[in-house]
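**Student:** Handing over target_13.tsv, TSV, C-alpha atoms.
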chain	number	residue	atom	x	y	z
T	1	MET	CA	-28.66	-38.96	105.17
T	2	PHE	CA	-29.64	-35.45	104.06
T	3	SER	CA	-28.46	-33.77	100.85
T	4	GLU	CA	-28.34	-30.36	99.25
T	5	THR	CA	-26.62	-29.11	96.11
T	6	ILE	CA	-24.71	-25.85	96.07
T	7	GLU	CA	-23.21	-23.80	93.25
T	8	LEU	CA	-20.07	-21.68	93.28
T	9	ARG	CA	-19.12	-19.11	90.68
T	10	GLY	CA	-16.28	-16.66	90.38
T	11	HIS	CA	-12.52	-16.79	90.79
T	12	ILE	CA	-13.00	-19.62	93.23
T	13	ILE	CA	-9.67	-21.28	92.49
T	14	ASP	CA	-7.38	-18.23	92.71
T	15	SER	CA	-9.20	-17.02	95.82
T	16	LEU	CA	-9.06	-20.53	97.36
T	17	THR	CA	-12.80	-20.28	97.94
T	18	LEU	CA	-13.36	-23.76	96.53
T	19	THR	CA	-10.67	-25.19	98.81
T	20	LYS	CA	-12.18	-23.41	101.81
T	21	ILE	CA	-15.66	-24.69	101.05
T	22	LEU	CA	-14.56	-28.29	100.58
T	23	ASP	CA	-12.52	-28.11	103.80
T	24	GLN	CA	-15.54	-26.79	105.68
T	25	ILE	CA	-17.76	-29.57	104.34
T	26	VAL	CA	-15.35	-32.26	105.49
T	27	THR	CA	-14.50	-30.71	108.86
T	28	GLN	CA	-18.22	-30.38	109.67
T	29	GLY	CA	-18.65	-34.14	109.22
T	30	ALA	CA	-20.37	-33.99	105.84
T	31	SER	CA	-19.24	-35.35	102.49
T	32	PHE	CA	-19.39	-34.02	98.95
T	33	ASN	CA	-19.68	-35.13	95.37
T	34	THR	CA	-18.63	-32.80	92.57
T	35	VAL	CA	-21.49	-32.85	90.06
T	36	GLU	CA	-20.08	-30.29	87.63
T	37	PHE	CA	-16.85	-28.34	87.42
T	38	ARG	CA	-15.85	-25.84	84.76
T	39	ILE	CA	-12.51	-24.10	85.07
T	40	GLY	CA	-11.98	-20.69	83.46
T	41	GLN	CA	-9.61	-20.88	80.52
T	42	LYS	CA	-8.10	-17.40	80.72
T	43	ARG	CA	-6.79	-15.59	83.77
T	44	ALA	CA	-9.84	-13.36	84.11
T	45	ASP	CA	-12.34	-16.15	83.34
T	46	GLN	CA	-14.50	-17.28	86.22
T	47	SER	CA	-14.98	-20.90	87.22
T	48	PHE	CA	-18.09	-22.82	88.19
T	49	ALA	CA	-18.70	-25.77	90.48
T	50	ARG	CA	-21.87	-27.64	91.41
T	51	ILE	CA	-21.38	-29.74	94.51
T	52	GLU	CA	-23.75	-32.17	96.19
T	53	ILE	CA	-23.36	-32.21	99.96
T	54	THR	CA	-24.51	-35.04	102.21
T	55	ALA	CA	-24.77	-34.60	105.98
T	56	PRO	CA	-25.91	-36.94	108.79
T	57	SER	CA	-28.78	-34.69	109.94
T	58	GLN	CA	-30.96	-31.91	108.58
T	59	GLU	CA	-29.76	-29.63	111.36
T	60	SER	CA	-26.09	-30.10	110.57
T	61	LEU	CA	-26.80	-29.69	106.86
T	62	ASP	CA	-28.69	-26.44	107.45
T	63	GLU	CA	-25.91	-25.06	109.63
T	64	LEU	CA	-23.30	-26.05	107.06
T	65	ILE	CA	-25.25	-24.45	104.20
T	66	ARG	CA	-25.61	-21.26	106.25
T	67	ARG	CA	-21.84	-21.10	106.68
T	68	LEU	CA	-21.16	-21.87	103.03
T	69	ARG	CA	-23.50	-19.11	101.88
T	70	GLU	CA	-21.32	-16.66	103.79
T	71	GLN	CA	-18.49	-17.85	101.56
T	72	GLY	CA	-20.44	-17.20	98.37
T	73	ALA	CA	-22.14	-20.56	97.83
T	74	GLU	CA	-25.68	-20.58	96.48
T	75	VAL	CA	-28.17	-23.38	96.93
T	76	ALA	CA	-28.83	-24.87	93.50
T	77	PRO	CA	-32.43	-24.90	92.29
T	78	ARG	CA	-33.94	-28.37	92.58
T	79	LYS	CA	-34.58	-30.05	89.25
W	1	MET	CA	-3.02	11.51	85.32
W	2	ARG	CA	-4.92	10.10	88.27
W	3	GLU	CA	-6.66	12.46	90.61
W	4	LEU	CA	-7.77	12.02	94.19
W	5	LEU	CA	-11.26	12.58	95.49
W	6	LEU	CA	-11.50	14.02	98.97
W	7	CYS	CA	-14.30	15.50	101.02
W	8	PRO	CA	-13.66	18.29	103.55
W	9	PRO	CA	-14.34	17.32	107.18
W	10	ASN	CA	-16.82	20.14	107.82
W	11	TYR	CA	-19.36	17.78	109.35
W	12	TYR	CA	-16.97	15.05	110.47
W	13	GLY	CA	-17.42	13.69	113.96
W	14	ILE	CA	-18.07	10.53	115.97
W	15	GLU	CA	-21.87	10.53	115.85
W	16	TYR	CA	-22.44	6.77	115.85
W	17	GLU	CA	-20.51	3.54	116.48
W	18	ILE	CA	-20.19	1.09	113.58
W	19	ASN	CA	-16.70	-0.30	114.13
W	20	PRO	CA	-14.54	-1.12	117.16
W	21	TRP	CA	-12.65	2.17	116.96
W	22	MET	CA	-15.66	4.44	117.28
W	23	SER	CA	-16.77	5.69	120.68
W	24	ARG	CA	-19.13	8.60	121.05
W	25	ALA	CA	-17.56	9.16	124.46
W	26	ARG	CA	-14.27	9.88	122.69
W	27	GLY	CA	-15.27	12.43	120.10
W	28	ALA	CA	-13.01	13.92	117.45
W	29	GLU	CA	-11.74	17.48	117.88
W	30	THR	CA	-13.11	19.37	114.90
W	31	GLU	CA	-10.37	21.96	114.54
W	32	ARG	CA	-7.63	19.38	114.90
W	33	ALA	CA	-9.38	17.16	112.36
W	34	LYS	CA	-9.54	20.04	109.90
W	35	SER	CA	-5.87	20.79	110.38
W	36	GLN	CA	-5.06	17.09	109.80
W	37	TRP	CA	-7.03	17.07	106.60
W	38	GLN	CA	-4.86	18.32	103.76
W	39	GLY	CA	-3.63	17.78	100.24
W	40	LEU	CA	-6.82	17.95	98.23
W	41	HIS	CA	-6.85	17.70	94.44
W	42	GLU	CA	-10.56	17.42	93.87
W	43	THR	CA	-13.17	18.24	96.43
W	44	LEU	CA	-16.69	17.15	97.01
W	45	ALA	CA	-19.26	19.26	98.83
W	46	PRO	CA	-19.62	17.82	102.34
W	47	GLN	CA	-23.12	17.07	103.58
W	48	PRO	CA	-24.44	17.69	107.09
W	49	LYS	CA	-25.58	14.60	109.02
W	50	LEU	CA	-23.14	12.40	107.07
W	51	PRO	CA	-20.04	12.55	109.26
W	52	ASP	CA	-18.21	9.65	107.59
W	53	MET	CA	-18.49	11.14	104.10
W	54	VAL	CA	-14.91	12.34	104.56
W	55	PHE	CA	-13.90	8.71	104.02
W	56	THR	CA	-14.26	8.89	100.23
W	57	ALA	CA	-12.50	5.56	99.65
W	58	ASN	CA	-15.85	4.01	100.45
W	59	ALA	CA	-17.71	5.99	97.79
W	60	GLY	CA	-17.20	3.26	95.22
W	61	LEU	CA	-14.67	1.99	92.72
W	62	ALA	CA	-13.57	3.97	89.65
W	63	ILE	CA	-11.97	2.15	86.70
W	64	GLY	CA	-11.35	4.27	83.62
W	65	ARG	CA	-14.52	6.34	83.17
W	66	LYS	CA	-16.70	3.75	84.89
W	67	PHE	CA	-17.82	4.04	88.50
W	68	ILE	CA	-19.32	1.30	90.66
W	69	PRO	CA	-21.04	3.02	93.61
W	70	SER	CA	-20.98	1.42	97.04
W	71	ASN	CA	-23.93	-0.26	98.67
W	72	PHE	CA	-23.17	0.55	102.29
W	73	ARG	CA	-23.86	-2.13	104.88
W	74	HIS	CA	-24.73	0.34	107.64
W	75	GLN	CA	-27.75	2.55	107.31
W	76	GLU	CA	-25.75	5.34	108.95
W	77	ARG	CA	-23.64	5.62	105.80
W	78	ALA	CA	-26.17	4.74	103.11
W	79	GLY	CA	-27.17	8.39	102.78
W	80	GLU	CA	-23.75	9.21	101.33
W	81	ALA	CA	-24.26	7.16	98.18
W	82	PRO	CA	-26.54	9.55	96.19
W	83	TYR	CA	-24.14	12.46	96.71
W	84	PHE	CA	-21.18	10.44	95.49
W	85	VAL	CA	-23.13	9.16	92.49
W	86	ARG	CA	-24.27	12.64	91.55
W	87	TRP	CA	-20.74	13.99	91.80
W	88	MET	CA	-19.36	11.19	89.62
W	89	GLU	CA	-22.13	11.66	87.04
W	90	GLU	CA	-21.44	15.38	86.91
W	91	HIS	CA	-17.80	14.57	86.23
W	92	GLY	CA	-18.60	12.30	83.30
W	93	TYR	CA	-18.44	8.85	84.84
W	94	GLU	CA	-20.67	6.03	83.65
W	95	ILE	CA	-22.45	4.58	86.68
W	96	LEU	CA	-22.51	0.77	86.94
W	97	ARG	CA	-24.85	-0.26	89.74
W	98	LEU	CA	-24.56	-3.47	91.72
W	99	PRO	CA	-27.74	-5.28	92.77
W	100	GLU	CA	-29.13	-3.52	95.84
W	101	ASP	CA	-28.96	-6.63	98.00
W	102	LEU	CA	-25.16	-6.95	97.65
W	103	TYR	CA	-23.07	-4.95	100.09
W	104	PHE	CA	-19.92	-3.43	98.62
W	105	GLU	CA	-17.89	-0.61	100.11
W	106	GLY	CA	-15.82	0.47	97.14
W	107	GLU	CA	-12.13	1.12	97.16
W	108	GLY	CA	-12.08	0.47	100.89
W	109	ASP	CA	-12.53	-3.21	100.05
W	110	ALA	CA	-11.14	-3.32	96.49
W	111	LEU	CA	-7.51	-2.64	95.68
W	112	PHE	CA	-5.53	-3.53	92.59
W	113	GLY	CA	-2.23	-5.34	93.04
W	114	GLY	CA	-0.55	-6.31	89.78
W	115	ASP	CA	-3.30	-7.44	87.41
W	116	ALA	CA	-5.57	-8.72	90.17
W	117	LEU	CA	-8.24	-6.83	92.05
W	118	PHE	CA	-8.02	-7.89	95.71
W	119	CYS	CA	-11.37	-7.66	97.44
W	120	GLY	CA	-12.04	-8.02	101.16
W	121	TYR	CA	-15.29	-9.39	102.54
W	122	LYS	CA	-17.28	-10.18	105.65
W	123	PHE	CA	-17.48	-7.07	107.83
W	124	ARG	CA	-18.63	-4.60	105.18
W	125	SER	CA	-18.66	-6.10	101.67
W	126	ASP	CA	-20.24	-9.43	100.66
W	127	ILE	CA	-18.24	-11.97	98.70
W	128	GLN	CA	-21.18	-12.15	96.27
W	129	SER	CA	-20.51	-8.54	95.30
W	130	HIS	CA	-17.00	-9.50	94.18
W	131	ARG	CA	-18.38	-11.80	91.49
W	132	ALA	CA	-20.62	-9.00	90.24
W	133	VAL	CA	-17.64	-6.62	90.14
W	134	ALA	CA	-15.63	-9.21	88.21
W	135	ASP	CA	-18.51	-9.53	85.72
W	136	MET	CA	-18.66	-5.76	85.26
W	137	LEU	CA	-14.93	-5.19	84.89
W	138	GLY	CA	-13.76	-8.46	83.33
W	139	CYS	CA	-10.78	-8.74	85.64
W	140	LEU	CA	-9.34	-11.32	88.02
W	141	VAL	CA	-10.80	-10.78	91.48
W	142	ILE	CA	-9.11	-12.35	94.49
W	143	SER	CA	-11.62	-12.52	97.35
W	144	VAL	CA	-10.08	-12.57	100.81
W	145	GLU	CA	-11.90	-12.94	104.12
W	146	LEU	CA	-11.21	-10.40	106.85
W	147	VAL	CA	-11.34	-11.84	110.36
W	148	ASP	CA	-10.28	-9.05	112.74
W	149	PRO	CA	-13.05	-6.48	113.27
W	150	ARG	CA	-10.46	-3.76	113.93
W	151	PHE	CA	-9.40	-4.16	110.29
W	152	TYR	CA	-12.87	-4.21	108.81
W	153	HIS	CA	-11.94	-2.91	105.36
W	154	LEU	CA	-9.21	-4.30	103.10
W	155	ASP	CA	-7.47	-0.92	102.95
W	156	THR	CA	-6.90	-0.97	106.70
W	157	CYS	CA	-4.61	-4.02	106.47
W	158	PHE	CA	-3.31	-4.34	102.88
W	159	CYS	CA	-1.51	-1.82	100.73
W	160	PRO	CA	-0.30	-2.79	97.24
W	161	LEU	CA	2.77	-1.07	95.82
W	162	PRO	CA	3.42	-0.18	92.16
W	163	ASP	CA	6.20	-2.77	91.74
W	164	GLY	CA	3.80	-5.65	92.46
W	165	SER	CA	4.75	-6.00	96.11
W	166	ALA	CA	2.60	-4.95	99.06
W	167	PHE	CA	2.68	-4.34	102.79
W	168	TRP	CA	0.07	-5.94	105.02
W	169	PHE	CA	-0.99	-7.11	108.45
W	170	PRO	CA	-1.38	-10.88	107.85
W	171	SER	CA	-3.45	-11.65	110.97
W	172	ALA	CA	-6.30	-9.52	109.61
W	173	PHE	CA	-6.99	-12.32	107.09
W	174	ASP	CA	-8.09	-15.90	107.49
W	175	GLU	CA	-5.71	-18.70	106.54
W	176	TYR	CA	-7.07	-19.00	103.00
W	177	GLY	CA	-6.93	-15.26	102.41
W	178	GLN	CA	-3.32	-15.20	103.55
W	179	ARG	CA	-2.46	-18.05	101.19
W	180	ALA	CA	-4.28	-16.41	98.27
W	181	ILE	CA	-2.46	-13.13	98.80
W	182	ARG	CA	0.90	-14.88	99.11
W	183	ALA	CA	0.22	-16.71	95.86
W	184	HIS	CA	-0.56	-13.52	93.91
W	185	VAL	CA	1.78	-10.92	95.36
W	186	ASN	CA	5.43	-11.29	94.48
W	187	GLU	CA	6.80	-9.83	97.70
W	188	LEU	CA	5.07	-9.00	100.98
W	189	ILE	CA	6.24	-6.73	103.78
W	190	ASP	CA	4.70	-7.76	107.10
W	191	VAL	CA	3.55	-4.98	109.39
W	192	ASP	CA	3.57	-5.81	113.11
W	193	GLU	CA	0.40	-5.44	115.17
W	194	GLU	CA	1.49	-2.33	117.03
W	195	GLU	CA	2.15	-0.45	113.78
W	196	ALA	CA	-0.91	-1.91	112.10
W	197	LYS	CA	-3.03	-0.50	114.95
W	198	HIS	CA	-1.75	2.93	113.91
W	199	PHE	CA	-3.39	2.37	110.52
W	200	SER	CA	-0.01	2.22	108.83
W	201	CYS	CA	-1.44	0.05	106.03
W	202	ASN	CA	-4.04	2.76	105.37
W	203	ALA	CA	-1.60	4.57	103.12
W	204	VAL	CA	-1.87	6.50	99.87
W	205	VAL	CA	0.72	5.38	97.32
W	206	LEU	CA	1.65	7.80	94.54
W	207	GLU	CA	4.38	6.04	92.58
W	208	ARG	CA	7.44	6.36	94.86
W	209	ASP	CA	5.75	8.56	97.46
W	210	ILE	CA	3.75	7.02	100.30
W	211	VAL	CA	1.51	9.04	102.61
W	212	LEU	CA	0.79	7.20	105.85
W	213	PRO	CA	-0.09	7.97	109.46
W	214	THR	CA	2.61	8.55	112.06
W	215	GLY	CA	3.42	5.68	114.36
W	216	ALA	CA	5.09	3.12	112.10
W	217	PRO	CA	8.86	3.69	112.34
W	218	ASN	CA	9.73	0.11	111.38
W	219	LEU	CA	7.58	0.17	108.25
W	220	VAL	CA	8.86	3.60	107.25
W	221	LYS	CA	12.42	2.35	107.62
W	222	THR	CA	11.69	-0.69	105.45
W	223	LEU	CA	9.92	1.33	102.76
W	224	THR	CA	12.64	3.98	102.76
W	225	SER	CA	15.31	1.30	102.28
W	226	ARG	CA	13.38	0.18	99.20
W	227	GLY	CA	13.53	3.63	97.65
W	228	TYR	CA	10.15	5.01	98.70
W	229	THR	CA	9.73	8.46	100.19
W	230	CYS	CA	7.39	8.31	103.19
W	231	HIS	CA	5.30	11.26	104.29
W	232	GLU	CA	3.98	10.74	107.81
W	233	LEU	CA	0.86	12.65	108.83
W	234	ALA	CA	-0.96	13.00	112.13
W	235	MET	CA	-4.31	11.22	111.75
W	236	SER	CA	-5.42	10.85	115.38
W	237	GLU	CA	-8.86	12.41	114.95
W	238	PHE	CA	-9.79	10.23	111.96
W	239	MET	CA	-8.43	7.08	113.60
W	240	LYS	CA	-11.07	7.62	116.27
W	241	ALA	CA	-13.57	6.70	113.54
W	242	GLY	CA	-11.49	3.81	112.21
W	243	GLY	CA	-9.89	5.53	109.23
W	244	ALA	CA	-6.77	7.35	108.12
W	245	CYS	CA	-4.97	8.51	104.95
W	246	LYS	CA	-6.32	5.95	102.47
W	247	CYS	CA	-9.85	5.99	103.83
W	248	LEU	CA	-9.88	9.74	103.22
W	249	THR	CA	-9.07	9.40	99.51
W	250	MET	CA	-10.40	7.66	96.43
W	251	PHE	CA	-8.42	7.38	93.23
W	252	LEU	CA	-10.03	8.81	90.12
W	253	PRO	CA	-9.62	6.30	88.68
W	254	GLN	CA	-7.84	3.55	90.63
W	255	ARG	CA	-6.87	2.04	87.26
W	256	GLU	CA	-7.39	3.23	83.68
W	257	LYS	CA	-8.37	-0.31	82.73
W	258	CYS	CA	-8.20	-3.81	84.07
For this file, write the structure as structure tokens.
**Tutor:**
Amino acid sequence: MFSETIELRGHIIDSLTLTKILDQIVTQGASFNTVEFRIGQKRADQSFARIEITAPSQESLDELIRRLREQGAEVAPRK
Amino acid sequence: MRELLLCPPNYYGIEYEINPWMSRARGAETERAKSQWQGLHETLAPQPKLPDMVFTANAGLAIGRKFIPSNFRHQERAGEAPYFVRWMEEHGYEILRLPEDLYFEGEGDALFGGDALFCGYKFRSDIQSHRAVADMLGCLVISVELVDPRFYHLDTCFCPLPDGSAFWFPSAFDEYGQRAIRAHVNELIDVDEEEAKHFSCNAVVLERDIVLPTGAPNLVKTLTSRGYTCHELAMSEFMKAGGACKCLTMFLPQREKC
């Protein structure tokens, strides 16, 4: 299995960006694990999510990451 | 009092093709375009070789005395940016620049509805620019994906009204964008495809007065029944470039504050 971690910032709950990203991960045959999730407290506060994605092949993972970047996801720096 | 920024169509024309509406084979008639261009409050010196500069909605986004200039996706329009920035600086606006690698096309893709700033992305603006705008302004930004290339800017398919409602062409948005808009707008008036193709959502709303292109009798009837006064204008020459009333204007400012 092949993994990559992405980060999402912004009004990702109100915009349904988080929902869209998780739906895309699952529909593309990958799976996810939420590593970190901080929800904005006030209406204008932004939220943050770090999500580890696992896909059956490097090719499918790369294609998925490419699509998710179009939705605002950033590949997390490797630690 | 809010003012409107417009740019005379002295050099307007179909000189390139950067959206599905544009065809160099179907050029705009200059004199007719000039006669269709009216109602200026503030003017900006037009620049030769920048035919789309008439579409001032894409200059940037003005909030209070702050101005976020656009980073145009197409090189054909990038030359407009310095002229808009200079004009805004000369008129006392503080310029807040986005990172150069983030595309953002101003009020064309950023419209306030209630306390939220709705921002369109994909064809012209990047979703990453929305986060930067939210950081700069400290407001709630609802990012919505546009999926129909005919409606490549948010202001071609979504028009918020002062009472918190809006009219829109739902099919211009993806499923998630539609859901996000429905969740944050208290009442939505659907515009059918035929009227949407006449750029009826590309309207300028001034309290109870709405300036929109001709060709949307059903929408006009609905808005009139809700107490709005509609002013229908011929916009055929500008629609050849994919714009109409709203594209031709930018609010100064769109909001006093977030």
**Student:** Within 9 Å of W:Val204, counting all atoms listed in the file, which residues show up once you throw out same-chain ones fewer than 4 positions away? Write them as a list in words, please.
**Tutor:**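 Final neighbour list, sorted by chain and number: Cys159, Asp209, Ile210, Val211, Leu212, Cys245, Lys246, Cys247 and Thr249 of chain W.
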**Student:** Give me, as a list in words, the contact residues of chain T against chain W at a cut-off of 8 Å, counting only C-alpha atoms.
**Tutor:** Arg9, Gly10, His11, Asp14, Ser15, Leu16, Thr17, Lys20, Arg43, Ala44, Asp45, Glu70, Gln71 and Gly72 of chain T
**Student:** So that I can see what lies close to stretch 58-67 of chain W, please list as number ranges by chain the residues with an atom at most 7 Å from it, counting all atoms listed in the file and leaving out residues fewer than 4 positions away in the same chain.
**Tutor:** W: 81, 84, 93-96, 105-108, 252-257
**Student:** What does the structure give for the distance between atom CA of W:Asp190 and atom CA of W:Trp168, in Å to one decimal?
**Tutor:** 5.4 Å
**Student:** Grab the atom CA of W:Pro149 to atom CA of W:Arg182 distance for me, in Å with one decimal place.
**Tutor:**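 About the pair atom CA of W:Pro149 and atom CA of W:Arg182: they are 21.6 Å apart.
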**Student:** Using all atoms listed in the file, which of W:Ala216, W:Ala166, W:Ala241, W:Leu5 sits nearest W:Arg24?
**Tutor:**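 Looking at the shortest contact to W:Arg24, the residue is W:Ala241.
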**Student:** Would you list the contacts of T:Asp62 as a list in words, taking every protein, DNA or RNA residue within 12 Å and counting only C-alpha atoms, but skipping same-chain residues closer than 5 positions in sequence?
**Tutor:**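 Result of the neighbour search: Phe2, Ser3, Glu4, Thr5, Ile25, Gln28, Ala30, Ile53, Thr54, Ala55, Pro56, Ser57, Arg67, Leu68, Arg69 and Val75 of chain T.
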**Student:** Residues as selected, C-alpha atoms, written as a PDB file, in the coordinates of the input, can you do that?
**Tutor:**
ATOM      1  CA  PHE T   2     -29.640 -35.450 104.060  1.00  0.00           C
ATOM      2  CA  SER T   3     -28.460 -33.770 100.850  1.00  0.00           C
ATOM      3  CA  GLU T   4     -28.340 -30.360  99.250  1.00  0.00           C
ATOM      4  CA  THR T   5     -26.620 -29.110  96.110  1.00  0.00           C
ATOM      5  CA  ILE T  25     -17.760 -29.570 104.340  1.00  0.00           C
ATOM      6  CA  GLN T  28     -18.220 -30.380 109.670  1.00  0.00           C
ATOM      7  CA  ALA T  30     -20.370 -33.990 105.840  1.00  0.00           C
ATOM      8  CA  ILE T  53     -23.360 -32.210  99.960  1.00  0.00           C
ATOM      9  CA  THR T  54     -24.510 -35.040 102.210  1.00  0.00           C
ATOM     10  CA  ALA T  55     -24.770 -34.600 105.980  1.00  0.00           C
ATOM     11  CA  PRO T  56     -25.910 -36.940 108.790  1.00  0.00           C
ATOM     12  CA  SER T  57     -28.780 -34.690 109.940  1.00  0.00           C
ATOM     13  CA  ARG T  67     -21.840 -21.100 106.680  1.00  0.00           C
ATOM     14  CA  LEU T  68     -21.160 -21.870 103.030  1.00  0.00           C
ATOM     15  CA  ARG T  69     -23.500 -19.110 101.880  1.00  0.00           C
ATOM     16  CA  VAL T  75     -28.170 -23.380  96.930  1.00  0.00           C
TER      17      VAL T  75
END
**Student:** Could you check how far atom CA of W:Glu195 sits from atom CA of W:Pro160, in Å to one decimal?
**Tutor:**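 Separation of atom CA of W:Glu195 and atom CA of W:Pro160: 16.9 Å.
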**Student:** Rank nothing, just name the residue among W:Leu223, W:Cys7, W:Leu161, W:Val85 nearest to W:Trp37, using all atoms listed in the file.
**Tutor:**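 Of the candidates, the smallest distance to W:Trp37 is held by W:Cys7.
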**Student:** I need the residue nearest T:Glu36 from this list: T:Arg66, T:Ala76, T:Gln24, T:Glu59. Use all atoms listed in the file for the distance.
**Tutor:**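 Among the listed residues, the smallest separation from T:Glu36 belongs to T:Ala76.
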**Student:** Neighbourhood query: residues within 9 Å of (-14.1, 11.8, 104.1), file coordinates, counting all atoms listed in the file; return as a list in words.
**Tutor:**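 Every polymer residue passing the test: Leu6, Cys7, Pro8, Pro9, Tyr12, Pro46, Pro51, Asp52, Met53, Val54, Phe55, Thr56, Ala57, Asn58, Cys247, Leu248 and Thr249 of chain W.
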**Student:** When you count all atoms listed in the file, which of these residues is closest to W:Gln75: W:Phe112, W:Tyr103, W:Phe169, W:Phe151?
**Tutor:**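 Once distances to W:Gln75 are computed over all atoms listed in the file, the minimum belongs to W:Tyr103.
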**Student:** Using all atoms listed in the file, find all polymer residues with an atom at most 12 Å away from the point (-8.6, 19.4, 117.2); report them as a VMD selection string.
**Tutor:** chain W and resid 9 12 to 13 27 to 37 234 to 238
**Student:** Quick one: of W:Ile14, W:Leu219, W:Leu117, W:Leu206, who's nearest to W:Phe251, counting all atoms listed in the file?
**Tutor:**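 Among W:Ile14, W:Leu219, W:Leu117, W:Leu206, it is W:Leu206 that comes nearest to W:Phe251.
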**Student:** Here is a test: counting all atoms listed in the file, which residue of T:Ile21, T:Val26, T:Ile65, T:Ile12 is nearest to T:Gly40?
**Tutor:**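 Among the listed residues, T:Ile12 lies closest to T:Gly40.
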